[in-house]
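Asker: The structure's right below; bear with me while I get my questions together.
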Amino acid sequence: MMTEPMADTIISLKDVRRDFGPVAAVDGVSFDIARGEFFSMLGPSGCGKTTLLRMLAGLDQPTAGSILLDGQPMAGVPANLRPTNMVFQSYAIFPHLNVVENVSYGLKRLKLARAEEKARVDQALALVKLEGYEQRGAHQLSGGQRQRVALARALVCRPKVLLLDEPLGALDKKLREEMQVELRSLQRSVGITFVFVTHDQEEALTLSDRIAVMARGKVLQIDTATGLYERPYCREVAEFIGTMNLFAGRVTKIGHEISVDAGSIGTLRAPASEARISVGDAVHVAVRPEKLSVLTGKARTGTNVVTGKLVASTYLGDRSRYLVQVPGVPAPVSVSLQHDGQHAAGVALPGSKINLAWPASAGIVLTA
Amino acid sequence: MRKIFTPLTLYAILFTVFLYGPVLLMPLFSFNDNTFAVFPLKGFTLKHYASMAANGSMLGALWNSLVVATIVAVIATAVGLPTAIALTRYRLRGGGAIAAALMLPLVVPSIIFAVALLVILVRILNVELSLLTVGASHVFICLPFAIMVLMSRLEGFDKSLEEASRDLGEDGWGTFRRVTLPLAWPAVISSLLMCFIISFDEFVMAFFLSGTDPTLPVFLFGQLRFPNKLPGVLALGSLILLVSTILVVAAELLRRRGVQEKPA
Amino acid sequence: MPDAMPRQTAAGFSGLAAGYALLSPAMLIIVAMLVAPMLALVTLSFWTQNGFELDTSFTLANYWALIEPADEPTMWMGIPFPFKNPVYAILMLKSLVMSLAVTAAVILIAYPMAYFLAFRVTRYKALWIIIITIPFWTSYLLRVFSWKIMLGFNGVINSGLMSLGIISEPLSFLLYNPPAVVITLTHAWVTFAVLPIYVSLEKIDRSLLEAATDLGDSKWQRFRRVTLPLSLPGTISAALLVFIPTVGDYVTPTLVGGPGGTMIGNSIQSLFLKQDNSPRGAALSIVMMAIVALLSLLFMWAVGYRKIRARSA
Amino acid sequence: MQRIKFIDRMSTGKLTRREMLKSATAFGVGLTVLPRLTAAAEVLTCLEWAGYDVPDYFGSYVGKHGGPPNFSIFAGEEDALAKVRAGFAADVMHPCNYSVNRFVTAGLTVPIDTAKLSNWKDIFPALQTADGVMSGSDVVMAPADWGNSSIAYRPDLIGDAFKDGETWAIFYDEKYKDKVALLDDYLVIQIGAMVNGMPYDQAYKLSGADLEAAKAMAAKAVQINRMLWTDATEIQQGLASGEIIAAYSWNDTIKNLSAQGIPIAYAKPKEGYFTWFCGLTLLNSGKADPALAYDFIDAWLSPETGKVLIEGSGYGHANMKSFEVAQADAIVAMGIKDPVEHMKSAILFKTMPNEVVNEQNKVWEELKALKQ
């Protein structure tokens, strides 16, 4: 796991664990988040990401392990005394208060001068573009407006870390995409560390500086969007982020390239891996759909070739998607072809035999 | 990490002691070998229970009260539920005034209602006084309680749930039965319990509107005037306490068994 | 009625007609059993009674008798009552004060219990609720009687204090006075108050509480700023539920109040049954109802009940 | 019962179409108030004091008719009066001599034909013509049970309160504040006047300015008395626990407390002590056969009932023969040696004019309300 010390760490988790009865919701997680980073936690529901977020907020306590926030250990520090604020999934807008009262909620305890409090509330409302809605009651707001109120309410407290629990989940697609852009620019303008929880990989890839992919209470990989896509550590991450074709086999040789005996489709070659692999290990050779090409002539050296039958093709305007059934490979192989002149649209017909090729450098060896 | 014994738990225990303290004196004195409920205690006896068991009219009154209270609870809740739905789900013209009118029985001293109802029932409608007249008056005084409890629950839940049900093809009745009712269920139970207790305990209306079948409070009011009858009354009170406790525990055990039988 | 967002009827319901149809059973009962007696009562209050005969000529004398001024005010507890029949005003005031004391005590005692049920009890909620209702399955009269044993001369409290050596003579001020009425009524009504408060607390979205904590509130601040305001509707219901009926109670004062504990209900009862003056009794009840209704409205207005209801809806 | 009868009549075709319709409509109008319009009651209905609805008191009626009548219970005559005036139908009522006049004045009673009562001849002559029994030349109440009202006190706790003779003054004496208890009744005004020297013959009809003048004593009593009792249990508990050392009481207090081994004495105060009696009155709203009512009254007047009353609860009975059949020690326990003599020496409660009852009640309620 990537735990090398960062220059300016704001959050540091060490072996954090949270048990609910016999179930470990968070199972020994350690990582650091840098100051000013937009950090996302991505994973299917039940993977422990929300629990982790709630432990950062202080709304839940770890069973074991430690959390450091800006260098301070957080054990025993209640939620109200932590320099974090949260945007709740349901927004949790106080129904008995209007917009201004909601936004200024967290400021009351600071006992600011009236003018200053008003200035900060106005500033926050301006930030989320809610000027003119000051006196609206909670029940008079739309979903997007509620989300903005929740954001303003958290930001106005000037937290060191803003925690967001699937804040865009309840919004429609267009609004969501708009909000994604706004959220990103907002984060840049305020410079606060955002910790963002989502199950939507596209959202995570769009927004984040770095993403932690989680499953079953564990962090599988932390990386940038590119890193996760290009260099997944394991099959699970590979399959969770985007589409990945997998060819099972056994390692036969390790040199500057790795040779894998993939049974009926022959020997596949792939670049050397960071993972610890020895000869005889069962592995998968993984390759993204857009790295594959349809081979018309003879294969060049250093290229892997498999042969199959086209089962479906979908025209997508700028590209086409083929599904190819390769004997010995359980799932159909997915191919994404750019319409760039090399491949004309709609060449192949379903049922026709097709040869797929990819350069050895485009594959990744994943353990089991 | 979880604290089991908080000050609030301690408070809940004290609250329960406050509730039960005076009530538990009943069983205490029902076993005391003395006609008078005074300290110090004299000795253990079961004779008060024997005298209670021999008191047929007391058991009759108990039965009357149980029947009346059960029926009243069901009717008041059944009438209160649609009313609460109408007042919370529809924007009715004059809804506020209607809601206020429905609460009026609370403001009027029951003795006045009792006498006025008596005149109207007997003189004008020529109805013979019976447990039915008592029951009717109890439905009337229970209604505001039932409506209040039910409304406070119905106001709370998301209307889109009902709309979702309509969308999924249920008609009005089906939506009520499959969505509204289950969601309002805790309040329905509260309402039933509350109405049962109010009716079971109501004295003034029952006193004036009962014919020749007394309810338990009416009977007890008479019995309490006779010092000799007091221990028997205490024995009955203790028995009611015991039986209701057993019922409650049994119901809870059954409920828990039901829960466990479901596959996890 | 002006309202920012008109409430929609549930899809498919045929609107108002269905709404009124749902109301009708309750309305029928209320009209039959409330309006008729009320009309009778109002009519009666404008009549006079001579012995057992009713004089049906219209008069306001019964209302005048309640407020007829006197030259010399009657002093009661240091308060001057400038009426010819000061008893009604005195009893009205006394009843209101006692009833308010009961209401305050009930809410103070019931609220933490309701809070406990809503937030602390997780597994045995139903059991707890039923546990607190069990004592009420025994007759009210018996419970009042039990309080007599509790508070009485050789009662539990006196015996207890004496055996602990705190007092040497039994305290006689415990029973047959207004505080005894307040204690007994508080005990009698406290469970009724727990239920509506519990329901309104239970309804509060837990994430609102987390949000408050997250925004920096301590437990107490969070209670004051979120939990309490959001539970106000139920709490107000509970307060009215207790206040309104206790003002007119007359059984409890009769049983534990002694002469000093009599309330307005006792006076009404006496006018109807003992003094053969039901018209004045009717006038007194109508005035009492009006005062109680007025106070309740005033109270609701003061705490902004409508506003709270509209927002939490 | 009614329903069976209804079905029976319907099946035998005796029910007219009109009756059917009426019943059906009534049923439709409201299931909750299902009226029973067919009102020819075959069972006697009695308005009775709570606790007197026991067959011991009307054994011969049960013997003759196979079961007790229906009872409607009341706890005070005012409640019963209100109920009857509102239209509650009952055949027989059990008022006392000081309250029967209110029923008579309200026009609710029917005169009793004493010739139909086999036990009438054995009634104490003093009671046969007593105040309340007669209304003009009619007998409106058949006297049945009687008892005394005097001071019951704890001789062990009383101290020297009665060293100059037993007196009602103890209830008006600051020295005994919170240790004594009178009845919650305007009688407190009358007794107060008697303590001040006014004979009962005048005190019972106090009104107007005289009543105003007598108020001060009663106001004092309201302040001094621990409580003003409304039921016998309350006062017997108080005496038993020692909370109260002297109280206005009926005979049963003495009997019950002695039975528990508590020292108790029944005073013969110098101002006098009272005798009350109650009896049975026929009501004009009754729907049953009058013969049943006469059987019931006659049962109440029988010596057997008297024996039960004397031995069981310590009250007297109107039938002279009761005192012959009752156990001698039970009679002694009542504090009675010679019943006839006893009745002469006590003050028999008088029937008060209705207006005086109202007025004294008003003053009494006000006195209580004004307690600080």
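Numbering starts fresh at 1 for the residues of each chain in the structure tokens, the chains themselves are lettered A, B, ... in the order given, and ligands are numbered from 1 as they appear.
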I'd like the neighbourhood of range 179-184 of chain C as a list in words, where a residue qualifies if any of its atoms comes within 6 Å (using only C-alpha atoms), though same-chain residues fewer than 4 positions away should be ignored.
Answerer: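 Residues near the query, excluding close chain neighbours: Val102, Leu175, Pro253 and Gly257 of chain C.
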Asker: Name the residues of range 88-213 of chain D that come out as alpha helix (DSSP H) in a backbone DSSP run; write them as number ranges by chain.
Answerer: D: 100-105, 125-128, 187-195, 200-203, 208-213
Asker: Could you tell me which residues of chain A sit within 10 Å of chain B when counting only C-alpha atoms, and give me the result as a list in words?
Answerer: Gln61, Pro62 and Thr63 of chain A
Asker: Print the selection's residues with all heavy atoms to a file, as an mmCIF file, in the first residue's frame.
Answerer:
```
data_model
loop_
_atom_site.group_PDB
_atom_site.id
_atom_site.type_symbol
_atom_site.label_atom_id
_atom_site.label_comp_id
_atom_site.auth_asym_id
_atom_site.auth_seq_id
_atom_site.Cartn_x
_atom_site.Cartn_y
_atom_site.Cartn_z
ATOM 1 N N GLN A 61 -16.871 6.037 16.185
ATOM 2 C CA GLN A 61 -15.543 5.869 16.766
ATOM 3 C C GLN A 61 -14.910 4.587 16.244
ATOM 4 O O GLN A 61 -15.581 3.565 16.157
ATOM 5 C CB GLN A 61 -15.618 5.786 18.306
ATOM 6 C CG GLN A 61 -16.383 6.922 18.955
ATOM 7 C CD GLN A 61 -15.791 8.284 18.618
ATOM 8 O OE1 GLN A 61 -14.581 8.430 18.491
ATOM 9 N NE2 GLN A 61 -16.663 9.276 18.446
ATOM 10 N N PRO A 62 -13.597 4.628 15.910
ATOM 11 C CA PRO A 62 -12.934 3.395 15.474
ATOM 12 C C PRO A 62 -12.841 2.393 16.622
ATOM 13 O O PRO A 62 -12.717 2.791 17.780
ATOM 14 C CB PRO A 62 -11.525 3.849 15.068
ATOM 15 C CG PRO A 62 -11.478 5.317 15.253
ATOM 16 C CD PRO A 62 -12.714 5.773 15.960
ATOM 17 N N THR A 63 -12.956 1.115 16.280
ATOM 18 C CA THR A 63 -12.760 0.082 17.291
ATOM 19 C C THR A 63 -11.277 -0.001 17.639
ATOM 20 O O THR A 63 -10.904 -0.262 18.770
ATOM 21 C CB THR A 63 -13.242 -1.276 16.740
ATOM 22 O OG1 THR A 63 -14.488 -1.084 16.092
ATOM 23 C CG2 THR A 63 -13.424 -2.283 17.852
#
```
Asker: Do you have the CA of Phe223 in chain C-CA of Leu53 in chain A distance handy?
Answerer: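 The value is 23.8 Å.
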Asker: Range 234-334 of chain A: which residues are strand (DSSP E) by DSSP, as JSON, numbers by chain?
Answerer: {"A": [245, 246, 247, 248, 249, 250, 251, 252, 253, 254, 257, 258, 259, 260, 261, 267, 268, 269, 270, 271, 282, 283, 284, 285, 286, 287, 293, 294, 303, 304, 305, 306, 307, 308, 309, 310, 311, 312, 313, 314, 315, 319, 320, 321, 322, 323, 324, 325, 333, 334]}
Asker: Using only C-alpha atoms, which residues sit within 6 Å of Tyr90 in chain B once same-chain residues fewer than 2 positions away are excluded, as a PyMOL selection string?
Answerer: (chain B and resi 86+88+92) or (chain C and resi 9+19)
